[in-house]
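Shown below: work_39.cif, with mmCIF, C-alpha atoms.
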```cif
data_work
loop_
_atom_site.label_atom_id
_atom_site.label_comp_id
_atom_site.auth_asym_id
_atom_site.auth_seq_id
_atom_site.Cartn_x
_atom_site.Cartn_y
_atom_site.Cartn_z
CA MET S 1 33.72 44.93 29.96
CA ALA S 2 30.92 47.34 30.82
CA ASN S 3 29.01 45.92 33.75
CA PRO S 4 25.39 44.97 32.83
CA VAL S 5 24.43 45.37 36.51
CA PHE S 6 24.92 49.14 36.20
CA ASN S 7 22.58 49.25 33.21
CA SER S 8 19.89 47.12 34.79
CA LYS S 9 16.50 48.59 35.64
CA ASN S 10 16.93 47.52 39.26
CA PHE S 11 20.18 49.44 39.72
CA GLN S 12 18.82 52.53 37.98
CA GLU S 13 15.77 52.49 40.28
CA GLN S 14 17.98 52.22 43.33
CA MET S 15 20.17 55.09 42.19
CA HIS S 16 17.21 57.39 41.72
CA SER S 17 15.23 56.30 44.75
CA GLY S 18 18.12 55.80 47.16
CA ASP S 19 16.64 52.47 48.26
CA GLY S 20 16.15 48.96 47.01
CA ARG S 21 12.36 49.06 46.71
CA GLY S 22 11.84 51.31 43.71
CA GLY S 23 9.44 54.22 43.66
CA ALA S 24 7.80 53.46 47.00
CA ALA S 25 11.17 53.76 48.67
CA THR S 26 11.34 57.48 48.10
CA GLN S 27 8.99 57.91 51.02
CA GLN S 28 11.25 55.84 53.27
CA ALA S 29 14.62 57.22 52.21
CA PRO S 30 16.60 59.24 54.76
CA GLY S 31 15.73 62.91 55.07
CA TRP S 32 19.03 64.12 53.67
CA TYR S 33 18.33 62.18 50.46
CA GLN S 34 14.88 63.72 49.95
CA GLY S 35 16.15 67.22 49.36
CA GLY S 36 16.73 67.75 53.10
CA SER S 37 13.05 67.42 54.09
CA ARG S 38 12.65 65.05 56.97
CA GLY S 39 9.54 63.25 58.05
CA GLN S 40 8.38 63.97 61.58
CA ALA S 41 8.86 61.25 64.18
CA PRO S 42 5.76 60.19 66.12
CA GLN S 43 5.16 62.00 69.37
CA GLY S 44 7.30 60.69 72.21
CA GLN S 45 9.78 58.86 69.97
CA ALA S 46 13.40 59.83 69.49
CA GLN S 47 13.92 62.14 66.54
CA GLN S 48 16.70 61.86 64.01
CA GLY S 49 19.02 64.82 63.68
CA TYR S 50 19.98 66.31 60.34
CA PHE S 51 23.46 64.92 60.82
CA GLY S 52 22.38 61.34 61.38
CA GLN S 53 22.76 61.53 65.16
CA GLN S 54 20.05 60.15 67.44
CA GLY S 55 18.38 62.90 69.42
CA GLN S 56 16.78 62.75 72.85
CA LYS S 57 13.07 62.13 73.36
CA ALA S 58 11.43 65.51 73.17
CA PRO S 59 7.93 66.20 74.47
CA GLN S 60 5.68 68.10 72.13
CA GLY S 61 6.39 71.81 72.17
CA GLN S 62 9.79 71.55 73.88
CA GLN S 63 12.16 74.35 72.92
CA TYR S 64 15.88 73.83 72.61
CA THR S 65 18.29 76.34 74.11
CA PRO S 66 20.91 77.99 71.88
CA GLU S 67 23.58 75.87 73.58
CA GLN S 68 21.69 72.67 72.79
CA LEU S 69 21.20 73.68 69.19
CA GLU S 70 24.86 74.57 68.84
CA GLN S 71 25.82 71.20 70.29
CA MET S 72 23.49 69.39 67.88
CA TYR S 73 24.94 71.15 64.85
CA ALA S 74 28.47 70.50 66.10
CA GLN S 75 27.90 66.78 65.75
CA PRO S 76 30.06 65.19 63.01
CA ALA S 77 28.24 64.68 59.73
CA ALA S 78 27.19 61.14 58.95
CA GLY S 79 29.19 59.71 56.05
CA PRO S 80 28.09 57.14 53.44
CA ALA S 81 29.17 54.29 55.73
CA ASP S 82 26.87 55.60 58.49
CA THR S 83 23.89 55.89 56.14
CA GLY S 84 24.49 52.60 54.29
CA ARG S 85 25.32 54.32 51.01
CA MET S 86 27.88 53.56 48.32
CA SER S 87 31.19 55.42 48.61
CA TYR S 88 34.41 55.63 46.61
CA ASN S 89 36.43 54.20 49.50
CA ASP S 90 34.09 51.23 49.73
CA VAL S 91 34.37 50.58 45.98
CA ILE S 92 38.17 50.78 46.15
CA ALA S 93 38.34 48.44 49.15
CA LYS S 94 36.11 45.80 47.55
CA THR S 95 37.92 46.07 44.21
CA VAL S 96 41.27 45.55 45.95
CA ILE S 97 39.91 42.49 47.76
CA THR S 98 38.58 41.06 44.49
CA LEU S 99 41.83 41.67 42.60
CA LEU S 100 43.90 40.19 45.42
CA LEU S 101 41.83 37.04 45.08
CA VAL S 102 42.51 37.07 41.33
CA VAL S 103 46.24 37.28 42.07
CA ALA S 104 46.00 34.46 44.63
CA GLY S 105 44.18 32.27 42.12
CA ALA S 106 46.74 33.17 39.46
CA ALA S 107 49.56 32.00 41.73
CA VAL S 108 47.85 28.60 42.01
CA GLY S 109 47.11 28.44 38.29
CA TRP S 110 50.69 29.39 37.42
CA ASN S 111 51.98 26.31 39.27
CA MET S 112 49.08 24.08 38.22
CA PRO S 113 48.31 24.83 34.54
CA ALA S 114 45.82 21.96 34.43
CA LEU S 115 43.39 24.19 36.34
CA MET S 116 43.39 26.75 33.51
CA LEU S 117 40.46 25.25 31.56
CA PRO S 118 38.25 24.52 34.61
CA GLY S 119 38.97 28.04 35.85
CA ALA S 120 37.95 29.50 32.50
CA ILE S 121 34.67 27.56 32.39
CA VAL S 122 33.73 28.29 36.01
CA GLY S 123 34.73 31.93 35.56
CA LEU S 124 32.56 32.26 32.46
CA VAL S 125 29.52 30.75 34.18
CA LEU S 126 29.93 32.82 37.35
CA GLY S 127 30.57 35.92 35.27
CA LEU S 128 27.25 35.53 33.48
CA VAL S 129 25.43 34.76 36.74
CA ASN S 130 26.88 37.82 38.48
CA ALA S 131 26.32 40.09 35.48
CA PHE S 132 22.61 39.40 35.26
CA LYS S 133 21.85 38.72 38.92
CA ARG S 134 19.30 41.18 40.31
CA GLU S 135 21.19 41.65 43.58
CA PRO S 136 24.99 41.50 43.94
CA SER S 137 26.34 38.44 45.74
CA PRO S 138 29.76 38.99 47.39
CA VAL S 139 30.35 35.23 47.61
CA LEU S 140 29.70 34.63 43.89
CA ILE S 141 31.79 37.66 42.94
CA LEU S 142 34.74 36.42 44.99
CA LEU S 143 34.36 32.91 43.56
CA TYR S 144 34.40 34.45 40.08
CA ALA S 145 37.64 36.28 40.93
CA ALA S 146 39.28 33.08 42.19
CA ALA S 147 38.23 31.12 39.09
CA GLN S 148 39.46 33.82 36.74
CA GLY S 149 42.72 33.88 38.66
CA LEU S 150 43.22 30.17 37.96
CA PHE S 151 42.64 30.79 34.26
CA LEU S 152 44.92 33.82 34.07
CA GLY S 153 47.70 32.13 36.03
CA GLY S 154 47.52 29.01 33.88
CA ILE S 155 47.58 30.77 30.53
CA SER S 156 50.25 33.21 31.70
CA GLY S 157 52.45 30.32 32.87
CA VAL S 158 52.11 28.53 29.53
CA PHE S 159 52.92 31.69 27.57
CA GLU S 160 55.82 32.47 29.89
CA GLN S 161 57.45 29.16 28.98
CA MET S 162 57.08 29.98 25.29
CA TRP S 163 58.06 33.65 25.51
CA PRO S 164 59.95 34.48 28.73
CA GLY S 165 58.98 37.79 30.30
CA ILE S 166 55.65 38.10 28.49
CA ALA S 167 53.56 37.90 31.68
CA VAL S 168 55.33 40.84 33.32
CA GLN S 169 54.99 42.83 30.11
CA ALA S 170 51.24 42.13 29.98
CA VAL S 171 50.74 43.11 33.63
CA LEU S 172 52.65 46.37 33.21
CA ALA S 173 50.79 47.23 30.00
CA THR S 174 47.44 46.52 31.69
CA LEU S 175 48.32 48.78 34.63
CA CYS S 176 49.43 51.52 32.23
CA VAL S 177 46.17 51.40 30.25
CA PHE S 178 44.17 51.46 33.49
CA ALA S 179 46.16 54.39 34.89
CA VAL S 180 45.91 56.45 31.69
CA THR S 181 42.18 55.75 31.38
CA LEU S 182 41.56 56.73 35.01
CA ALA S 183 43.61 59.92 34.58
CA LEU S 184 41.68 60.90 31.45
CA PHE S 185 38.38 60.29 33.22
CA ALA S 186 39.41 62.16 36.37
CA SER S 187 40.57 65.14 34.31
CA GLY S 188 37.26 65.24 32.41
CA LYS S 189 38.93 64.68 29.04
CA TRP S 190 37.14 61.39 28.35
CA ARG S 191 33.44 61.15 29.04
CA VAL S 192 30.64 58.83 27.96
CA SER S 193 27.96 60.14 25.60
CA LYS S 194 24.91 58.50 24.06
CA LYS S 195 26.53 58.53 20.64
CA SER S 196 29.78 56.97 21.89
CA VAL S 197 27.84 54.24 23.71
CA LYS S 198 25.97 53.37 20.50
CA ILE S 199 29.28 53.14 18.60
CA PHE S 200 30.71 51.04 21.41
CA MET S 201 27.79 48.61 21.28
CA VAL S 202 28.09 48.20 17.50
CA ALA S 203 31.83 47.57 17.81
CA MET S 204 31.25 45.09 20.66
CA ILE S 205 28.72 43.15 18.60
CA GLY S 206 31.15 43.00 15.69
CA TYR S 207 33.99 41.90 17.95
CA ALA S 208 31.81 39.22 19.56
CA LEU S 209 30.70 37.84 16.18
CA PHE S 210 34.28 37.67 14.94
CA SER S 211 35.36 35.90 18.14
CA VAL S 212 32.61 33.29 17.79
CA VAL S 213 33.42 32.64 14.12
CA ASN S 214 37.13 32.43 14.90
CA LEU S 215 36.45 29.95 17.71
CA PHE S 216 34.41 27.67 15.45
CA LEU S 217 37.09 27.78 12.75
CA MET S 218 39.62 26.64 15.34
CA LEU S 219 37.36 23.90 16.74
CA PHE S 220 36.60 22.43 13.32
CA GLY S 221 40.22 22.55 12.15
CA VAL S 222 39.75 25.16 9.44
CA THR S 223 42.77 26.94 10.85
CA ASP S 224 45.45 25.38 13.02
CA ALA S 225 47.06 28.65 14.11
CA MET S 226 47.30 29.22 17.88
CA PHE S 227 44.88 32.15 17.80
CA GLY S 228 42.91 31.12 14.73
CA LEU S 229 42.61 33.84 12.11
CA ARG S 230 44.28 36.26 14.49
CA GLY S 231 47.40 34.09 14.51
CA GLU S 232 47.27 33.04 10.87
CA PHE S 233 47.10 36.67 9.75
CA PRO S 234 49.19 38.63 12.28
CA LEU S 235 48.19 42.05 10.99
CA LEU S 236 44.52 41.15 11.34
CA GLY S 237 45.23 39.77 14.80
CA LEU S 238 46.99 42.96 15.88
CA GLY S 239 44.20 45.13 14.48
CA ILE S 240 41.51 43.13 16.29
CA GLY S 241 43.62 43.15 19.43
CA LEU S 242 44.09 46.91 19.42
CA LEU S 243 40.36 47.36 18.84
CA ALA S 244 39.65 45.10 21.82
CA VAL S 245 42.05 47.08 24.03
CA PHE S 246 40.29 50.31 23.07
CA LEU S 247 36.89 48.74 23.80
CA ALA S 248 38.16 47.56 27.18
CA ALA S 249 39.44 51.06 27.95
CA PHE S 250 36.06 52.53 27.02
CA SER S 251 34.41 49.92 29.24
CA LEU S 252 36.52 51.26 32.11
CA ILE S 253 35.22 54.75 31.38
CA MET S 254 31.67 53.41 31.50
CA ASP S 255 32.42 51.67 34.80
CA PHE S 256 33.92 54.88 36.27
CA THR S 257 30.87 56.82 35.12
CA ALA S 258 28.44 54.34 36.66
CA ILE S 259 30.38 54.34 39.94
CA THR S 260 30.38 58.14 40.07
CA GLN S 261 26.65 58.29 39.40
CA GLY S 262 25.98 55.62 42.01
CA VAL S 263 27.94 57.46 44.70
CA GLN S 264 26.37 60.83 43.87
CA ALA S 265 22.86 59.36 43.82
CA GLY S 266 23.36 57.58 47.14
CA ALA S 267 23.00 54.03 45.81
CA PRO S 268 22.90 51.29 48.48
CA GLN S 269 26.29 50.22 49.79
CA LYS S 270 25.86 46.67 48.50
CA TYR S 271 26.37 47.93 44.96
CA SER S 272 30.00 48.56 45.76
CA TRP S 273 30.38 44.84 45.07
CA SER S 274 28.81 45.35 41.63
CA ALA S 275 31.35 48.08 40.96
CA ALA S 276 34.21 45.82 42.04
CA PHE S 277 32.87 43.04 39.83
CA GLY S 278 32.55 45.33 36.80
CA LEU S 279 36.10 46.64 37.16
CA THR S 280 37.48 43.13 37.66
CA VAL S 281 35.74 41.80 34.54
CA THR S 282 37.12 44.63 32.45
CA LEU S 283 40.66 44.33 33.80
CA VAL S 284 40.69 40.56 33.18
CA TRP S 285 39.52 41.10 29.61
CA LEU S 286 42.10 43.85 29.09
CA TYR S 287 44.93 41.67 30.40
CA VAL S 288 43.99 38.73 28.16
CA GLU S 289 43.84 40.95 25.05
CA ILE S 290 47.22 42.53 25.80
CA LEU S 291 48.74 39.11 26.50
CA ARG S 292 47.46 37.88 23.13
CA ILE S 293 48.82 40.94 21.30
CA LEU S 294 52.26 40.40 22.85
CA ALA S 295 52.14 36.69 21.93
CA ILE S 296 51.32 37.53 18.30
CA LEU S 297 54.13 40.07 18.15
CA ARG S 298 56.71 37.76 19.72
CA GLY S 299 55.47 34.76 17.76
CA SER S 300 56.15 36.53 14.47
CA ASP S 301 59.79 37.28 15.39
#
```
Structure encoded using structure tokens:
Amino acid sequence: MANPVFNSKNFQEQMHSGDGRGGAATQQAPGWYQGGSRGQAPQGQAQQGYFGQQGQKAPQGQQYTPEQLEQMYAQPAAGPADTGRMSYNDVIAKTVITLLLVVAGAAVGWNMPALMLPGAIVGLVLGLVNAFKREPSPVLILLYAAAQGLFLGGISGVFEQMWPGIAVQAVLATLCVFAVTLALFASGKWRVSKKSVKIFMVAMIGYALFSVVNLFLMLFGVTDAMFGLRGEFPLLGLGIGLLAVFLAAFSLIMDFTAITQGVQAGAPQKYSWSAAFGLTVTLVWLYVEILRILAILRGSD
């Protein structure tokens, strides 16, 4: 779902200051980030070129020849990786690494279903820790991915024995929702607004309350259906499931928006891990909801 790290005060400060130390960092940010105005290096020290290249020590008053100036401006521009800033490629690379770890964990969980519950508990705890941690931790994010993989592999294996082919269907449906959502965002046809975020939050609160009530009804034996009220009343279950899929898709739009803003604002490179974590959380949630919808549909055959 939408990553709380992106909405935190710390991340917002880093996006607007270009550094991890809040308002005071604006004086220490690179020259290209401060509207192109560079601070002057102390006399006798090497000066930093506009393109991120280290210049030679220049005595006070030294004039550069046209050839030297042309050579300086011919230097390749420093990219986000050179300046320690967040980039799309970095976000993609870290997201791929995280998802590959989910798949690896799922392979283990598929063959060892007993790890499903421990994986779910550990994944929940690490998810909360990562979501509200002030600074992203690559180790904790990767551990979260592995734990969620155990859970997804275990539950997928159990469902596969009950309804053959359901796991592949859920994976394909998840990829389709992700691809369509990304295409709509890239084309500019689906954007986040303040009003839509408010509606999203109200819907999320309602969904969360229903999920908690449904869980307690299942724990106390009020309903013995596999998915509680969602299984006992299939139409209700399908309606809630479709709502959850839409909320997950909107969460992806919010993640894409936050990533775009972070890259454009020159957020520190470490927040690429936050982006990878946010996308992974949303994709895991989306997959579970689609898997449950398919189980309800096939269970009512």
Item to check | Which residue of S:Ser196, S:Ala276, S:Val213, S:Ile293 approaches Gly239 (chain S) most closely, using all atoms listed in the file | outcome: S:Ile293
Counting only C-alpha atoms, which residues of region 137-232 of chain S sit at most 12 Å from some atom of region 267-275 of chain S, and what is each one's closest atom pair with its distance in Å to one decimal, listed by chain and rising residue number, as JSON lines?
```
{"residue": "S:Ser137", "atom": "CA", "partner": "S:Trp273", "partner_atom": "CA", "distance": 7.6}
{"residue": "S:Pro138", "atom": "CA", "partner": "S:Trp273", "partner_atom": "CA", "distance": 6.3}
{"residue": "S:Val139", "atom": "CA", "partner": "S:Trp273", "partner_atom": "CA", "distance": 9.9}
{"residue": "S:Leu140", "atom": "CA", "partner": "S:Trp273", "partner_atom": "CA", "distance": 10.3}
{"residue": "S:Ile141", "atom": "CA", "partner": "S:Trp273", "partner_atom": "CA", "distance": 7.6}
{"residue": "S:Leu142", "atom": "CA", "partner": "S:Trp273", "partner_atom": "CA", "distance": 9.5}
{"residue": "S:Ala145", "atom": "CA", "partner": "S:Trp273", "partner_atom": "CA", "distance": 12.0}
```
Next on the checklist: To one decimal place in Å, what is the distance between CA of Gly109 (chain S) and CA of Gln148 (chain S)?
Outcome noted: 9.5 Å
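This file, filtered with the PyMOL selection byres ((chain S and resi 192) around 9), gives the residues Trp190, Arg191, Ser193, Lys194, Lys195, Ser196, Val197, Phe250, Ile253, Met254 and Thr257 of chain S.
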Next on the checklist: Nearest residue to Val102 (chain S) out of S:Val212, S:Leu283, S:Val202, S:Ala183, using all atoms listed in the file?
Outcome noted: S:Leu283
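Nearest to Asp90 (chain S) of all the residues S:Gly221, S:Ile259, S:Gly127, S:Ala120 is S:Ile259, counting all atoms listed in the file.
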Checklist entry - Hey, can you check how far CA of Phe233 (chain S) sits from CA of Ser156 (chain S)? => result 22.4 Å
